[in-house]
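A.B. asks: Got a structure for you, written out below as structure tokens; questions coming shortly.
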Amino acid sequence: MPTSRIKISIFINYFLFAILLNSIGTVILLVQSYFHVTKFQAAFLDPFKDFSIAIASFIVGAFISRIGYRKSMLIGLGAVALACFIVPSLRFFWAIKLLCAISGFSFGLIKVSVFGTIGIVTHSEKEHLSMMNFIESFFMVGILGGYFLFAHFAPDPQYGNWFHAYYYVGLIAVFAFIILLSARLDESAIHRPEGAKGESELAGMLKLIIYPLVISFVLCAFFYVLIEQSTMNWLPTYNKNVLHISDNLAIIWTSILPASMAIGRFAAGILLRRFNWLMVLLSCLVGAACILLLSLHMSKTTEIPLVVDTVAAVPIVAFIFPVIGIFLSPIYPAINSLILASLPKSRHGAMSGLIVVFSAIGGTLGSLITGYLFEEVGGVNAFYFSLIPITILGILLFIFNKMKGKSIAHIQLLNNEILV
């Protein structure tokens, strides 16, 4: 089965949703000027997105074998394309909320389906690891593209020119839809064998959680996303409050983080083909801890002006801290790939749903905890606490590796349950 077109399609899908989902922070800022809403009202855009992702992932993860990966992705792309063309004409605040909800729900469809599709179009653990990292790195490229796209239309937010950015996102969605529609995907591996009993898809999804291999993975994913989201969500505040960088420059400097994450995942896509995954990921954690300690130490010892409003005045630590993304970024796609490659293809959809749900929980808690610490102990000390989940994640990777060594028995048991 030719797979080049389906591979191109899932890369474009990830690029599209990276722009759409990670523009929410920018849109929160823009709607305050255009609709004259409060910060509290604008902040509700994010839950519309996140809750929709979690709900869609849970539903699709449970019933993906009936819907199918390709059909799920087509539904998600079609819904987003329509929303992106309609919302700029409506220009109501509730329409932006609706767009966030549709984007989140569609991404739930896309992410679960993409993770499952990778299992079909790859034929070895190393190939699976490599492709997962390349796709996730392309997601970071999409985030950067989104910054530039919305920045181009945002100089005068009160006039609403920023709505035009959604037309371009809609065009990308249409292009992705056409590419996927013309692609072919053999999904026979995800269907139950003939004669299998009628265990519900939801029960099968929940039953995965009882396996030690899956439990160890879920904990790894939870702590990774906790670390990543606490860093990504609070780096702009760190730049402003600790390094005294002006609002505009603080946002611009935050873009270094997704750029470094893209570099890290591209590099990992190559390294994981040649070296043992555990050694690569443990090295990444050590590198992340070193960057964190160096940056926080420099933040305390460097003499920083009271106001930094020019590029020339930006302290060097503002360049160093975001480089942590190079070391953190390979971990998430690698562990996702490893757990999926360890399970039967018929369980990939259900496992993908669990991945997204527990990732959402970890990301939410990470952001809330860091925000609370920022308020109570200050920005520098708040990030010192990140060393705790980094250490815990290192221990969990050892446990996950041990459980993975026993995965043959788990796979046999899961296959038997499908056939029972």
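In the structure tokens, chains take letters A, B, ... by order of appearance, with residues numbered from 1 within each chain and ligands from 1 in the order shown.
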Considering only C-alpha atoms, tabulate each residue of stretch 114-148 of chain A that lies at most 12 Å from stretch 71-80 of chain A along with its nearest interatomic pair and the corresponding distance in Å to one decimal; arrange the rows by chain and ascending residue number and present them as a Markdown table.
C.D. replies:
```
| residue | atom | partner | partner_atom | distance |
| --- | --- | --- | --- | --- |
| A:Val114 | CA | A:Met73 | CA | 8.1 |
| A:Phe115 | CA | A:Met73 | CA | 11.4 |
| A:Gly116 | CA | A:Ser72 | CA | 11.3 |
| A:Thr117 | CA | A:Met73 | CA | 10.4 |
```
A.B. asks: Within 7 Å of stretch 54-63 of chain A, counting only C-alpha atoms, which residues show up once you throw out same-chain ones fewer than 3 positions away? Write them as a ChimeraX atom specification, please.
C.D. replies: /A:50-51,66-67,105,108-109,112,201-202,205,349-354,356-357,360
A.B. asks: For the residues in that selection, give me C-alpha atoms as a tab-separated table (two decimals), in the first residue's frame.
C.D. replies:
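The result, written out as result34.tsv:
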```tsv
chain	number	residue	atom	x	y	z
A	50	ASP	CA	-9.21	22.20	26.00
A	51	PHE	CA	-12.46	20.63	27.16
A	66	ARG	CA	-16.15	1.99	13.95
A	67	ILE	CA	-15.51	5.48	12.58
A	105	PHE	CA	-13.05	18.85	19.04
A	108	GLY	CA	-9.23	15.47	19.20
A	109	LEU	CA	-10.37	13.63	16.07
A	112	VAL	CA	-6.18	10.21	17.90
A	201	GLU	CA	-15.17	0.01	22.71
A	202	LEU	CA	-15.44	2.19	25.80
A	205	MET	CA	-10.44	1.61	26.25
A	349	GLY	CA	-7.13	4.31	18.73
A	350	ALA	CA	-8.15	3.63	22.32
A	351	MET	CA	-4.61	4.24	23.59
A	352	SER	CA	-4.39	7.49	21.63
A	353	GLY	CA	-7.55	8.68	23.34
A	354	LEU	CA	-6.00	7.98	26.75
A	356	VAL	CA	-4.67	12.99	24.87
A	357	VAL	CA	-6.93	12.88	27.95
A	360	ALA	CA	-4.67	17.50	28.98
```
A.B. asks: Skip A:Leu16 itself and residues of its chain fewer than 3 positions away, then list as a ChimeraX atom specification all residues within 7 Å of it, counting only C-alpha atoms.
C.D. replies: /A:12-13,19-20,142,169,172-173
A.B. asks: List the spatial neighbours of A:Ser367 as a PDB file with C-alpha atoms, in the first residue's frame - criterion: any atom at most 8 Å away, only C-alpha atoms, same-chain residues fewer than 4 positions off excluded.
C.D. replies:
```pdb
ATOM      1  CA  LEU A 226       3.113  19.068  33.323  1.00  0.00           C
ATOM      2  CA  GLN A 229       3.028  23.356  29.690  1.00  0.00           C
ATOM      3  CA  SER A 230       4.221  25.027  32.886  1.00  0.00           C
ATOM      4  CA  ASN A 233       2.548  29.003  29.491  1.00  0.00           C
ATOM      5  CA  TRP A 234       4.619  30.948  32.005  1.00  0.00           C
ATOM      6  CA  GLY A 363      -0.967  20.329  31.125  1.00  0.00           C
ATOM      7  CA  GLY A 371       0.911  30.039  38.378  1.00  0.00           C
TER       8      GLY A 371
END
```
A.B. asks: Atom CA of A:Asn401 and atom CA of A:Arg273, how far apart in Å?
C.D. replies: 17.2 Å
A.B. asks: Mind checking which residues fall within 9 Å of A:Phe150, counting only C-alpha atoms, ignoring those fewer than 4 positions away in the same chain, and posting them as a PyMOL selection string?
C.D. replies: chain A and resi 23+26-27+145-146+154+162-166
A.B. asks: Kindly export the residues of the current selection with C-alpha atoms, as an mmCIF file, in the first residue's frame.
C.D. replies:
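Resulting contents of selection-v1.cif:
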```
data_model
loop_
_atom_site.group_PDB
_atom_site.id
_atom_site.type_symbol
_atom_site.label_atom_id
_atom_site.label_comp_id
_atom_site.auth_asym_id
_atom_site.auth_seq_id
_atom_site.Cartn_x
_atom_site.Cartn_y
_atom_site.Cartn_z
ATOM 1 C CA SER A 23 -3.071 31.173 18.353
ATOM 2 C CA THR A 26 -2.906 35.814 20.766
ATOM 3 C CA VAL A 27 -6.670 35.802 20.157
ATOM 4 C CA GLY A 145 3.883 30.045 11.481
ATOM 5 C CA GLY A 146 0.829 30.979 13.519
ATOM 6 C CA ALA A 154 -2.853 42.294 14.339
ATOM 7 C CA TRP A 162 -7.018 39.899 12.448
ATOM 8 C CA PHE A 163 -10.169 37.987 11.484
ATOM 9 C CA HIS A 164 -8.716 37.690 7.963
ATOM 10 C CA ALA A 165 -6.065 35.297 9.284
ATOM 11 C CA TYR A 166 -8.786 32.664 9.611
#
```
A.B. asks: Take atom CA of A:Phe321 and atom CA of A:Leu292 and report the distance between them in Å, one decimal.
C.D. replies: 6.6 Å
A.B. asks: Run DSSP on the backbone of this structure and report the residues of stretch 172-408 of chain A it assigns to alpha helix (DSSP H), as a ChimeraX atom specification.
C.D. replies: /A:172-181,201-207,212-241,247-254,256-271,277-301,317-320,324-328,331-341,348-377,379-384,387-405,407-408
A.B. asks: Within 12 Å of A:Pro47, counting only C-alpha atoms, which residues qualify if same-chain residues fewer than 4 places away don't, as a PDB file with C-alpha atoms, in the first residue's frame?
C.D. replies:
```
ATOM      1  CA  LEU A  21      -4.741  25.944  18.628  1.00  0.00           C
ATOM      2  CA  ILE A  24      -5.542  31.123  21.265  1.00  0.00           C
ATOM      3  CA  GLY A  25      -3.201  33.156  23.474  1.00  0.00           C
ATOM      4  CA  ILE A  28      -7.336  36.262  23.890  1.00  0.00           C
ATOM      5  CA  PHE A  40     -11.768  37.018  32.705  1.00  0.00           C
ATOM      6  CA  GLN A  41     -14.268  36.760  29.837  1.00  0.00           C
ATOM      7  CA  ALA A  42     -11.479  36.396  27.277  1.00  0.00           C
ATOM      8  CA  ALA A  43      -9.828  33.689  29.369  1.00  0.00           C
ATOM      9  CA  PHE A  51     -12.464  20.626  27.162  1.00  0.00           C
ATOM     10  CA  SER A  52     -13.442  19.968  23.546  1.00  0.00           C
ATOM     11  CA  ILE A  53     -10.113  18.232  22.911  1.00  0.00           C
ATOM     12  CA  ALA A  54     -10.538  15.998  25.973  1.00  0.00           C
ATOM     13  CA  ILE A  55     -14.175  15.122  25.146  1.00  0.00           C
ATOM     14  CA  LYS A  97     -15.911  30.618  21.381  1.00  0.00           C
ATOM     15  CA  LEU A  98     -17.633  28.307  18.914  1.00  0.00           C
ATOM     16  CA  CYS A 100     -12.375  27.359  19.693  1.00  0.00           C
ATOM     17  CA  ALA A 101     -14.748  24.504  20.563  1.00  0.00           C
ATOM     18  CA  SER A 103     -11.052  23.505  16.713  1.00  0.00           C
ATOM     19  CA  GLY A 104     -10.571  21.579  19.944  1.00  0.00           C
ATOM     20  CA  PHE A 105     -13.046  18.845  19.037  1.00  0.00           C
ATOM     21  CA  ALA A 360      -4.674  17.498  28.985  1.00  0.00           C
ATOM     22  CA  THR A 364      -3.765  21.950  33.102  1.00  0.00           C
TER      23      THR A 364
END
```
A.B. asks: Identify, on the basis of only C-alpha atoms, every residue whose closest approach to stretch 259-263 of chain A does not exceed 7 Å; exclude the query and any residue fewer than 3 positions from it along the same chain; express the result as an NGL selection string.
C.D. replies: :A and (137-138 or 140-141 or 144 or 255-256 or 266-267 or 323 or 325-326 or 329)
